[in-house]
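What follows is the content of structure_32.cif (mmCIF, C-alpha atoms; chains and numbers go by the auth columns).
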data_protein
loop_
_atom_site.group_PDB
_atom_site.id
_atom_site.type_symbol
_atom_site.label_atom_id
_atom_site.label_comp_id
_atom_site.label_asym_id
_atom_site.label_seq_id
_atom_site.Cartn_x
_atom_site.Cartn_y
_atom_site.Cartn_z
_atom_site.B_iso_or_equiv
_atom_site.auth_seq_id
_atom_site.auth_asym_id
ATOM 1 C CA MET A 1 0.000 0.000 0.000 0.00 1 I
ATOM 2 C CA LYS A 2 1.340 3.406 -0.958 0.00 2 I
ATOM 3 C CA THR A 3 1.275 6.270 1.485 0.00 3 I
ATOM 4 C CA ILE A 4 0.118 9.525 -0.082 0.00 4 I
ATOM 5 C CA ALA A 5 1.363 12.686 1.598 0.00 5 I
ATOM 6 C CA ILE A 6 -0.904 15.733 1.230 0.00 6 I
ATOM 7 C CA LYS A 7 0.339 19.184 2.065 0.00 7 I
ATOM 8 C CA LEU A 8 -2.049 21.510 3.892 0.00 8 I
ATOM 9 C CA SER A 9 -1.673 24.012 1.063 0.00 9 I
ATOM 10 C CA GLN A 10 -3.108 21.418 -1.322 0.00 10 I
ATOM 11 C CA LEU A 11 -6.422 21.152 0.542 0.00 11 I
ATOM 12 C CA LYS A 12 -9.304 22.734 -1.229 0.00 12 I
ATOM 13 C CA ILE A 13 -10.938 25.754 0.465 0.00 13 I
ATOM 14 C CA PRO A 14 -14.412 24.115 0.726 0.00 14 I
ATOM 15 C CA LEU A 15 -12.865 21.197 2.650 0.00 15 I
ATOM 16 C CA LEU A 16 -11.219 23.583 5.100 0.00 16 I
ATOM 17 C CA MET A 17 -14.514 25.379 5.561 0.00 17 I
ATOM 18 C CA ALA A 18 -16.271 22.072 6.211 0.00 18 I
ATOM 19 C CA ILE A 19 -13.687 21.164 8.869 0.00 19 I
ATOM 20 C CA ALA A 20 -14.117 24.576 10.526 0.00 20 I
ATOM 21 C CA PHE A 21 -17.876 24.145 10.482 0.00 21 I
ATOM 22 C CA CYS A 22 -17.621 20.730 12.138 0.00 22 I
ATOM 23 C CA ILE A 23 -15.354 22.148 14.835 0.00 23 I
ATOM 24 C CA SER A 24 -17.835 24.965 15.422 0.00 24 I
ATOM 25 C CA ILE A 25 -20.747 22.513 15.696 0.00 25 I
ATOM 26 C CA ASN A 26 -18.792 20.364 18.094 0.00 26 I
ATOM 27 C CA ALA A 27 -17.911 23.364 20.259 0.00 27 I
ATOM 28 C CA SER A 28 -21.548 24.447 20.271 0.00 28 I
ATOM 29 C CA ALA A 29 -22.605 20.983 21.351 0.00 29 I
ATOM 30 C CA GLN A 30 -20.345 21.268 24.379 0.00 30 I
ATOM 31 C CA LEU A 31 -22.291 24.299 25.680 0.00 31 I
ATOM 32 C CA THR A 32 -24.816 23.813 28.446 0.00 32 I
ATOM 33 C CA GLU A 33 -28.441 24.578 27.717 0.00 33 I
ATOM 34 C CA ALA A 34 -28.175 27.813 29.724 0.00 34 I
ATOM 35 C CA GLN A 35 -25.075 28.861 27.768 0.00 35 I
ATOM 36 C CA ARG A 36 -26.807 28.114 24.458 0.00 36 I
ATOM 37 C CA TYR A 37 -29.747 30.259 25.513 0.00 37 I
ATOM 38 C CA GLU A 38 -27.425 33.158 26.385 0.00 38 I
ATOM 39 C CA GLU A 39 -25.640 32.807 23.045 0.00 39 I
ATOM 40 C CA SER A 40 -28.947 32.880 21.158 0.00 40 I
ATOM 41 C CA LYS A 41 -29.910 36.157 22.852 0.00 41 I
ATOM 42 C CA LYS A 42 -26.945 37.916 21.244 0.00 42 I
ATOM 43 C CA THR A 43 -28.739 37.924 17.878 0.00 43 I
ATOM 44 C CA GLU A 44 -32.135 39.042 19.165 0.00 44 I
ATOM 45 C CA VAL A 45 -33.209 42.556 18.159 0.00 45 I
ATOM 46 C CA TRP A 46 -35.904 44.108 20.373 0.00 46 I
ATOM 47 C CA LYS A 47 -36.208 47.634 18.995 0.00 47 I
ATOM 48 C CA PRO A 48 -37.933 49.203 17.219 0.00 48 I
ATOM 49 C CA VAL A 49 -41.219 47.434 17.897 0.00 49 I
ATOM 50 C CA PRO A 50 -43.478 47.622 14.782 0.00 50 I
ATOM 51 C CA PRO A 51 -46.714 49.564 15.323 0.00 51 I
ATOM 52 C CA LYS A 52 -49.845 47.432 15.343 0.00 52 I
ATOM 53 C CA VAL A 53 -52.008 47.595 12.202 0.00 53 I
ATOM 54 C CA GLU A 54 -55.372 45.833 12.002 0.00 54 I
ATOM 55 C CA ALA A 55 -55.859 44.187 8.604 0.00 55 I
ATOM 56 C CA MET A 56 -59.242 42.531 8.208 0.00 56 I
ATOM 57 C CA PRO A 57 -60.323 40.696 5.019 0.00 57 I
ATOM 58 C CA ASN A 58 -61.732 43.021 2.342 0.00 58 I
ATOM 59 C CA GLN A 59 -61.174 46.067 4.541 0.00 59 I
ATOM 60 C CA PRO A 60 -58.554 48.837 4.374 0.00 60 I
ATOM 61 C CA PRO A 61 -55.744 48.483 6.916 0.00 61 I
ATOM 62 C CA SER A 62 -56.403 50.461 10.087 0.00 62 I
ATOM 63 C CA ASP A 63 -53.688 53.016 9.258 0.00 63 I
ATOM 64 C CA ALA A 64 -54.875 53.617 5.685 0.00 64 I
ATOM 65 C CA ILE A 65 -55.895 57.021 4.345 0.00 65 I
ATOM 66 C CA ILE A 66 -59.314 56.602 2.761 0.00 66 I
ATOM 67 C CA LEU A 67 -59.648 58.476 -0.524 0.00 67 I
ATOM 68 C CA PHE A 68 -63.030 57.035 -1.493 0.00 68 I
ATOM 69 C CA ASP A 69 -65.293 54.568 0.308 0.00 69 I
ATOM 70 C CA GLY A 70 -68.667 55.807 -0.879 0.00 70 I
ATOM 71 C CA ASN A 71 -68.971 58.556 1.714 0.00 71 I
ATOM 72 C CA GLY A 72 -68.664 61.495 -0.650 0.00 72 I
ATOM 73 C CA ILE A 73 -65.954 62.794 -2.921 0.00 73 I
ATOM 74 C CA ASP A 74 -64.499 65.390 -0.541 0.00 74 I
ATOM 75 C CA SER A 75 -60.954 63.958 -0.748 0.00 75 I
ATOM 76 C CA TRP A 76 -60.795 64.996 -4.421 0.00 76 I
ATOM 77 C CA GLU A 77 -60.855 68.215 -6.382 0.00 77 I
ATOM 78 C CA ALA A 78 -60.567 69.488 -9.936 0.00 78 I
ATOM 79 C CA ILE A 79 -57.131 70.403 -11.315 0.00 79 I
ATOM 80 C CA ASP A 80 -57.889 74.099 -10.723 0.00 80 I
ATOM 81 C CA GLY A 81 -58.794 73.474 -7.074 0.00 81 I
ATOM 82 C CA SER A 82 -62.552 73.701 -7.518 0.00 82 I
ATOM 83 C CA ASP A 83 -64.949 70.957 -6.435 0.00 83 I
ATOM 84 C CA ALA A 84 -64.448 67.586 -8.120 0.00 84 I
ATOM 85 C CA PRO A 85 -66.887 67.519 -11.065 0.00 85 I
ATOM 86 C CA TRP A 86 -67.325 63.735 -11.331 0.00 86 I
ATOM 87 C CA ASP A 87 -70.518 61.873 -10.485 0.00 87 I
ATOM 88 C CA HIS A 88 -70.577 59.828 -7.289 0.00 88 I
ATOM 89 C CA SER A 89 -72.816 57.545 -5.282 0.00 89 I
ATOM 90 C CA PRO A 90 -72.405 55.353 -2.190 0.00 90 I
ATOM 91 C CA TYR A 91 -70.974 52.708 -4.540 0.00 91 I
ATOM 92 C CA ALA A 92 -68.534 54.495 -6.849 0.00 92 I
ATOM 93 C CA MET A 93 -67.359 57.724 -8.377 0.00 93 I
ATOM 94 C CA THR A 94 -67.648 57.979 -12.135 0.00 94 I
ATOM 95 C CA VAL A 95 -65.950 60.094 -14.762 0.00 95 I
ATOM 96 C CA ARG A 96 -68.237 62.790 -16.118 0.00 96 I
ATOM 97 C CA ALA A 97 -66.824 62.743 -19.622 0.00 97 I
ATOM 98 C CA GLY A 98 -65.371 66.082 -20.635 0.00 98 I
ATOM 99 C CA SER A 99 -65.304 67.520 -17.119 0.00 99 I
ATOM 100 C CA GLY A 100 -61.552 67.013 -16.669 0.00 100 I
ATOM 101 C CA ASP A 101 -59.158 65.092 -14.443 0.00 101 I
ATOM 102 C CA ILE A 102 -59.446 65.054 -10.663 0.00 102 I
ATOM 103 C CA VAL A 103 -56.651 64.965 -8.068 0.00 103 I
ATOM 104 C CA SER A 104 -56.454 64.002 -4.413 0.00 104 I
ATOM 105 C CA LYS A 105 -56.361 66.984 -2.070 0.00 105 I
ATOM 106 C CA GLN A 106 -53.502 65.320 -0.211 0.00 106 I
ATOM 107 C CA SER A 107 -50.032 64.862 -1.706 0.00 107 I
ATOM 108 C CA PHE A 108 -48.052 61.628 -1.445 0.00 108 I
ATOM 109 C CA CYS A 109 -44.569 60.221 -2.030 0.00 109 I
ATOM 110 C CA ASP A 110 -43.894 56.536 -1.195 0.00 110 I
ATOM 111 C CA VAL A 111 -47.158 54.604 -0.914 0.00 111 I
ATOM 112 C CA GLN A 112 -49.013 51.338 -0.849 0.00 112 I
ATOM 113 C CA MET A 113 -52.226 51.965 -2.778 0.00 113 I
ATOM 114 C CA HIS A 114 -55.393 49.976 -3.464 0.00 114 I
ATOM 115 C CA ILE A 115 -57.931 51.059 -6.075 0.00 115 I
ATOM 116 C CA GLU A 116 -60.799 49.297 -7.821 0.00 116 I
ATOM 117 C CA TRP A 117 -61.982 50.332 -11.276 0.00 117 I
ATOM 118 C CA ARG A 118 -64.550 49.395 -13.883 0.00 118 I
ATOM 119 C CA THR A 119 -64.647 50.387 -17.535 0.00 119 I
ATOM 120 C CA THR A 120 -67.927 51.362 -19.106 0.00 120 I
ATOM 121 C CA ARG A 121 -69.154 49.279 -22.036 0.00 121 I
ATOM 122 C CA GLU A 122 -68.284 50.945 -25.323 0.00 122 I
ATOM 123 C CA ASP A 123 -68.851 48.345 -28.025 0.00 123 I
ATOM 124 C CA ASP A 124 -68.649 50.972 -30.754 0.00 124 I
ATOM 125 C CA LYS A 125 -65.049 51.835 -29.852 0.00 125 I
ATOM 126 C CA THR A 126 -61.707 50.060 -30.257 0.00 126 I
ATOM 127 C CA GLY A 127 -58.067 50.383 -29.218 0.00 127 I
ATOM 128 C CA GLN A 128 -57.128 53.304 -27.001 0.00 128 I
ATOM 129 C CA ASN A 129 -60.594 54.852 -27.265 0.00 129 I
ATOM 130 C CA LYS A 130 -62.329 51.990 -25.456 0.00 130 I
ATOM 131 C CA GLY A 131 -62.805 52.583 -21.734 0.00 131 I
ATOM 132 C CA ASN A 132 -59.705 54.745 -21.395 0.00 132 I
ATOM 133 C CA SER A 133 -58.603 56.398 -18.160 0.00 133 I
ATOM 134 C CA GLY A 134 -55.487 56.374 -16.025 0.00 134 I
ATOM 135 C CA ILE A 135 -54.127 56.464 -12.481 0.00 135 I
ATOM 136 C CA PHE A 136 -51.224 58.881 -12.135 0.00 136 I
ATOM 137 C CA LEU A 137 -48.946 58.486 -9.132 0.00 137 I
ATOM 138 C CA GLN A 138 -47.637 61.893 -8.057 0.00 138 I
ATOM 139 C CA SER A 139 -49.768 63.266 -10.929 0.00 139 I
ATOM 140 C CA ARG A 140 -46.993 62.208 -13.347 0.00 140 I
ATOM 141 C CA TYR A 141 -46.516 58.451 -13.619 0.00 141 I
ATOM 142 C CA GLU A 142 -49.445 56.649 -15.252 0.00 142 I
ATOM 143 C CA ILE A 143 -50.795 53.168 -14.759 0.00 143 I
ATOM 144 C CA GLN A 144 -53.144 52.641 -17.679 0.00 144 I
ATOM 145 C CA VAL A 145 -56.848 51.940 -17.255 0.00 145 I
ATOM 146 C CA LEU A 146 -58.393 50.583 -20.448 0.00 146 I
ATOM 147 C CA ASP A 147 -60.874 48.003 -21.689 0.00 147 I
ATOM 148 C CA THR A 148 -58.381 45.622 -23.301 0.00 148 I
ATOM 149 C CA TYR A 149 -60.486 42.481 -22.907 0.00 149 I
ATOM 150 C CA GLN A 150 -60.554 41.145 -26.484 0.00 150 I
ATOM 151 C CA ASN A 151 -59.566 44.623 -27.641 0.00 151 I
ATOM 152 C CA SER A 152 -56.258 44.898 -29.465 0.00 152 I
ATOM 153 C CA THR A 153 -53.894 47.802 -28.782 0.00 153 I
ATOM 154 C CA TYR A 154 -50.155 48.337 -28.352 0.00 154 I
ATOM 155 C CA PRO A 155 -49.090 46.292 -25.287 0.00 155 I
ATOM 156 C CA ASN A 156 -47.240 49.143 -23.570 0.00 156 I
ATOM 157 C CA GLY A 157 -50.561 50.989 -23.603 0.00 157 I
ATOM 158 C CA GLN A 158 -52.918 48.204 -22.526 0.00 158 I
ATOM 159 C CA ALA A 159 -54.580 47.924 -19.129 0.00 159 I
ATOM 160 C CA ALA A 160 -52.023 47.595 -16.299 0.00 160 I
ATOM 161 C CA SER A 161 -49.178 48.881 -18.453 0.00 161 I
ATOM 162 C CA ILE A 162 -46.992 51.639 -17.104 0.00 162 I
ATOM 163 C CA TYR A 163 -47.996 53.755 -20.029 0.00 163 I
ATOM 164 C CA LYS A 164 -45.480 53.773 -22.903 0.00 164 I
ATOM 165 C CA GLN A 165 -42.799 52.330 -20.562 0.00 165 I
ATOM 166 C CA PHE A 166 -43.523 48.783 -19.367 0.00 166 I
ATOM 167 C CA ILE A 167 -45.729 46.021 -20.772 0.00 167 I
ATOM 168 C CA PRO A 168 -47.428 43.952 -18.028 0.00 168 I
ATOM 169 C CA LEU A 169 -45.911 40.513 -17.486 0.00 169 I
ATOM 170 C CA VAL A 170 -49.313 38.909 -18.157 0.00 170 I
ATOM 171 C CA ASP A 171 -52.774 40.098 -19.196 0.00 171 I
ATOM 172 C CA ALA A 172 -55.157 39.763 -16.220 0.00 172 I
ATOM 173 C CA SER A 173 -57.912 41.923 -17.732 0.00 173 I
ATOM 174 C CA ARG A 174 -61.602 41.289 -17.151 0.00 174 I
ATOM 175 C CA PRO A 175 -64.463 42.307 -19.461 0.00 175 I
ATOM 176 C CA ALA A 176 -66.040 45.772 -19.399 0.00 176 I
ATOM 177 C CA GLU A 177 -68.454 46.440 -16.529 0.00 177 I
ATOM 178 C CA GLU A 178 -66.628 43.993 -14.234 0.00 178 I
ATOM 179 C CA TRP A 179 -64.740 45.434 -11.274 0.00 179 I
ATOM 180 C CA GLN A 180 -60.953 45.102 -11.322 0.00 180 I
ATOM 181 C CA THR A 181 -58.271 45.854 -8.744 0.00 181 I
ATOM 182 C CA TYR A 182 -54.851 47.424 -8.711 0.00 182 I
ATOM 183 C CA ASP A 183 -52.584 46.983 -5.695 0.00 183 I
ATOM 184 C CA ILE A 184 -49.556 49.221 -5.983 0.00 184 I
ATOM 185 C CA ILE A 185 -46.265 49.548 -4.124 0.00 185 I
ATOM 186 C CA TYR A 186 -44.608 52.777 -5.214 0.00 186 I
ATOM 187 C CA THR A 187 -41.302 54.402 -4.292 0.00 187 I
ATOM 188 C CA ALA A 188 -41.076 58.018 -5.367 0.00 188 I
ATOM 189 C CA PRO A 189 -38.025 59.376 -7.180 0.00 189 I
ATOM 190 C CA ARG A 190 -35.446 61.379 -5.247 0.00 190 I
ATOM 191 C CA PHE A 191 -33.813 64.571 -6.420 0.00 191 I
ATOM 192 C CA THR A 192 -30.952 66.759 -5.238 0.00 192 I
ATOM 193 C CA GLY A 193 -31.868 70.133 -6.611 0.00 193 I
ATOM 194 C CA SER A 194 -32.772 69.482 -10.237 0.00 194 I
ATOM 195 C CA GLU A 195 -30.673 66.289 -10.428 0.00 195 I
ATOM 196 C CA LEU A 196 -32.260 62.832 -10.234 0.00 196 I
ATOM 197 C CA THR A 197 -30.514 60.768 -7.570 0.00 197 I
ATOM 198 C CA SER A 198 -32.887 57.781 -7.417 0.00 198 I
ATOM 199 C CA PRO A 199 -35.594 56.873 -9.972 0.00 199 I
ATOM 200 C CA ALA A 200 -39.145 55.890 -9.085 0.00 200 I
ATOM 201 C CA ARG A 201 -39.888 52.180 -8.628 0.00 201 I
ATOM 202 C CA LEU A 202 -43.201 50.353 -8.890 0.00 202 I
ATOM 203 C CA THR A 203 -44.711 46.954 -8.173 0.00 203 I
ATOM 204 C CA LEU A 204 -48.257 46.267 -9.394 0.00 204 I
ATOM 205 C CA LEU A 205 -50.753 43.454 -8.882 0.00 205 I
ATOM 206 C CA HIS A 206 -53.682 43.439 -11.318 0.00 206 I
ATOM 207 C CA ASN A 207 -56.634 41.445 -9.990 0.00 207 I
ATOM 208 C CA GLY A 208 -54.225 39.804 -7.553 0.00 208 I
ATOM 209 C CA VAL A 209 -51.715 38.857 -10.269 0.00 209 I
ATOM 210 C CA LEU A 210 -48.186 40.304 -10.302 0.00 210 I
ATOM 211 C CA VAL A 211 -47.727 42.279 -13.530 0.00 211 I
ATOM 212 C CA HIS A 212 -44.803 44.590 -12.623 0.00 212 I
ATOM 213 C CA ASN A 213 -42.076 43.547 -10.200 0.00 213 I
ATOM 214 C CA ASN A 214 -40.183 46.518 -8.738 0.00 214 I
ATOM 215 C CA VAL A 215 -39.562 48.110 -12.139 0.00 215 I
ATOM 216 C CA GLU A 216 -37.508 51.291 -12.431 0.00 216 I
ATOM 217 C CA LEU A 217 -39.544 54.030 -14.088 0.00 217 I
ATOM 218 C CA LYS A 218 -37.857 55.909 -16.930 0.00 218 I
ATOM 219 C CA GLY A 219 -39.476 59.249 -16.168 0.00 219 I
ATOM 220 C CA GLN A 220 -42.870 60.864 -16.198 0.00 220 I
ATOM 221 C CA THR A 221 -45.513 59.603 -18.614 0.00 221 I
ATOM 222 C CA GLU A 222 -45.302 61.091 -22.094 0.00 222 I
ATOM 223 C CA TRP A 223 -47.743 60.494 -24.929 0.00 223 I
ATOM 224 C CA ILE A 224 -45.219 61.759 -27.489 0.00 224 I
ATOM 225 C CA GLY A 225 -41.478 61.315 -27.037 0.00 225 I
ATOM 226 C CA GLU A 226 -39.324 59.550 -24.501 0.00 226 I
ATOM 227 C CA PRO A 227 -40.105 59.702 -20.769 0.00 227 I
ATOM 228 C CA LYS A 228 -37.965 62.007 -18.699 0.00 228 I
ATOM 229 C CA TYR A 229 -37.714 63.224 -15.109 0.00 229 I
ATOM 230 C CA TYR A 230 -38.364 66.712 -13.782 0.00 230 I
ATOM 231 C CA ALA A 231 -37.581 67.463 -10.143 0.00 231 I
ATOM 232 C CA HIS A 232 -40.620 67.594 -7.857 0.00 232 I
ATOM 233 C CA GLU A 233 -41.800 67.035 -4.303 0.00 233 I
ATOM 234 C CA CYS A 234 -44.699 64.892 -3.065 0.00 234 I
ATOM 235 C CA LEU A 235 -47.733 65.355 -5.319 0.00 235 I
ATOM 236 C CA PRO A 236 -51.410 64.283 -5.473 0.00 236 I
ATOM 237 C CA ILE A 237 -52.828 61.150 -7.058 0.00 237 I
ATOM 238 C CA LYS A 238 -54.532 62.015 -10.357 0.00 238 I
ATOM 239 C CA LEU A 239 -57.416 60.154 -12.011 0.00 239 I
ATOM 240 C CA GLN A 240 -57.866 60.818 -15.705 0.00 240 I
ATOM 241 C CA ASP A 241 -60.901 61.858 -17.693 0.00 241 I
ATOM 242 C CA HIS A 242 -60.193 60.446 -21.165 0.00 242 I
ATOM 243 C CA GLY A 243 -63.776 60.636 -22.388 0.00 243 I
ATOM 244 C CA SER A 244 -65.049 57.300 -21.030 0.00 244 I
ATOM 245 C CA ALA A 245 -67.487 57.069 -18.107 0.00 245 I
ATOM 246 C CA ASN A 246 -65.316 54.684 -16.077 0.00 246 I
ATOM 247 C CA SER A 247 -65.883 54.201 -12.361 0.00 247 I
ATOM 248 C CA PHE A 248 -63.642 53.896 -9.292 0.00 248 I
ATOM 249 C CA ARG A 249 -64.245 52.711 -5.736 0.00 249 I
ATOM 250 C CA ASN A 250 -62.550 51.487 -2.532 0.00 250 I
ATOM 251 C CA ILE A 251 -59.519 53.748 -2.878 0.00 251 I
ATOM 252 C CA TRP A 252 -57.080 53.787 0.014 0.00 252 I
ATOM 253 C CA ILE A 253 -53.430 54.593 0.566 0.00 253 I
ATOM 254 C CA ARG A 254 -50.824 53.803 3.186 0.00 254 I
ATOM 255 C CA GLU A 255 -47.850 56.149 3.341 0.00 255 I
ATOM 256 C CA ILE A 256 -44.608 54.197 3.537 0.00 256 I
#
Let me see whether you can do it: turn the structure in this file into structure tokens.
Amino acid sequence: MKTIAIKLSQLKIPLLMAIAFCISINASAQLTEAQRYEESKKTEVWKPVPPKVEAMPNQPPSDAIILFDGNGIDSWEAIDGSDAPWDHSPYAMTVRAGSGDIVSKQSFCDVQMHIEWRTTREDDKTGQNKGNSGIFLQSRYEIQVLDTYQNSTYPNGQAASIYKQFIPLVDASRPAEEWQTYDIIYTAPRFTGSELTSPARLTLLHNGVLVHNNVELKGQTEWIGEPKYYAHECLPIKLQDHGSANSFRNIWIREI
């Protein structure tokens, strides 16, 4: 039988790590139960304690800011600051076509947002003219609202697209007159003076399905031309009047 001599320098790094791990496990096994308990406490973090938030099924979280729950439209106003001109009932608020966009009276930066929407039936229309509206975060960055159920249009302009920037990962659209949901996690852009230091980021679930996963926005929404950033502070949510009598309900926001 031949004897094979192996120099320590010839040992592979993973083998050395395995030996060290075994030694560590063995040393740990030698500790008493009380000593093990004391060692475990060294990695416990007790502060800060998260604030308690009640989150019941089909209800806004207890710390949410309610922007519409059927009790009036007082959280919204017209672009010029006058009363919001849209129709509303205990069930929804509805675009009054031609009356103009509305904005939340409160401004926001980083948010978790829930909104439900329903396109009106417009069988005589196609493409971008069919059930068109939009949800603009910080009044600048649009998530498209559109009846794209069996309605062909450019994919970066279909429902749940980040308009003219990102195509949704899948199409989770429902037919016109059925309620749909958007659940949004949004991080606002950061600026130092006029310089962009951190772009906006967005995650979106459409009807409970992930369609955008922490995407980095390219700038504010542009219909013509490439998106670009302009320095701004926190700004209102904007809902678009694009000529279709679409409806919205159960709108709430949590500031992050």
Pick from I:Ser104, I:Asn71, I:Gln158, I:Thr181 nearest to Ala84 (chain I), counting only C-alpha atoms: I:Ser104
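Considering all atoms listed in the file, the residue among I:Ser198, I:Gln220, I:Ser133, I:Thr126 positioned nearest to His242 (chain I) is I:Ser133.
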Nearest to Gln138 (chain I): which of I:Val45, I:Ala245, I:Ala188, I:Leu31 is it, counting only C-alpha atoms? I:Ala188
Do a neighbour search on region 77-80 of chain I at 8 Å with all atoms listed in the file, toss out local chain neighbours closer than 6 positions, and write the hits as a ChimeraX atom specification. /I:100-105
Please, could you write that set of residues out with C-alpha atoms as a compact mmCIF listing (two decimals), in the coordinates of the input?
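Below is the file that was written, again.txt:
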# COMPACT_ATOMS: atom_id res chain seq x y z
CA GLY I 100 -61.55 67.01 -16.67
CA ASP I 101 -59.16 65.09 -14.44
CA ILE I 102 -59.45 65.05 -10.66
CA VAL I 103 -56.65 64.96 -8.07
CA SER I 104 -56.45 64.00 -4.41
CA LYS I 105 -56.36 66.98 -2.07
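Near (-57.9, 53.1, -23.2), the residues that fall inside 9 Å on the basis of all atoms listed in the file are Thr126, Gly127, Gln128, Asn129, Lys130, Gly131, Asn132, Ser133, Gly134, Gln144, Val145, Leu146, Asp147, Thr148, Thr153, Gly157, Gln158, Ala159, His242 and Ser244 of chain I.
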Given the PyMOL selection byres ((chain I and resi 75) around 12) and the file above, list the residues it selects as a PyMOL selection string. chain I and resi 65-74+76-78+81-84+93+102-107+236-238+251-252
Give me, as a PyMOL selection string, all polymer residues having an atom no more than 10 Å from Ala97 (chain I), counting only C-alpha atoms and skipping those fewer than 5 positions away in the same chain. chain I and resi 85-87+240-246
Using the chain letters and numbering of this document, enumerate as a compact mmCIF listing (two decimals) with C-alpha atoms, keeping the file's coordinate frame the residues selected by the PyMOL selection byres ((chain I and resi 165) around 10).
# COMPACT_ATOMS: atom_id res chain seq x y z
CA TYR I 141 -46.52 58.45 -13.62
CA GLU I 142 -49.44 56.65 -15.25
CA ILE I 143 -50.80 53.17 -14.76
CA PRO I 155 -49.09 46.29 -25.29
CA ASN I 156 -47.24 49.14 -23.57
CA GLY I 157 -50.56 50.99 -23.60
CA SER I 161 -49.18 48.88 -18.45
CA ILE I 162 -46.99 51.64 -17.10
CA TYR I 163 -48.00 53.76 -20.03
CA LYS I 164 -45.48 53.77 -22.90
CA PHE I 166 -43.52 48.78 -19.37
CA ILE I 167 -45.73 46.02 -20.77
CA PRO I 168 -47.43 43.95 -18.03
CA VAL I 215 -39.56 48.11 -12.14
CA GLU I 216 -37.51 51.29 -12.43
CA LEU I 217 -39.54 54.03 -14.09
CA LYS I 218 -37.86 55.91 -16.93
CA GLY I 219 -39.48 59.25 -16.17
CA GLN I 220 -42.87 60.86 -16.20
CA THR I 221 -45.51 59.60 -18.61
CA GLU I 222 -45.30 61.09 -22.09
CA GLU I 226 -39.32 59.55 -24.50
CA PRO I 227 -40.10 59.70 -20.77
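One finds CA of Val211 (chain I) at 4.7 Å from CA of Leu169 (chain I).
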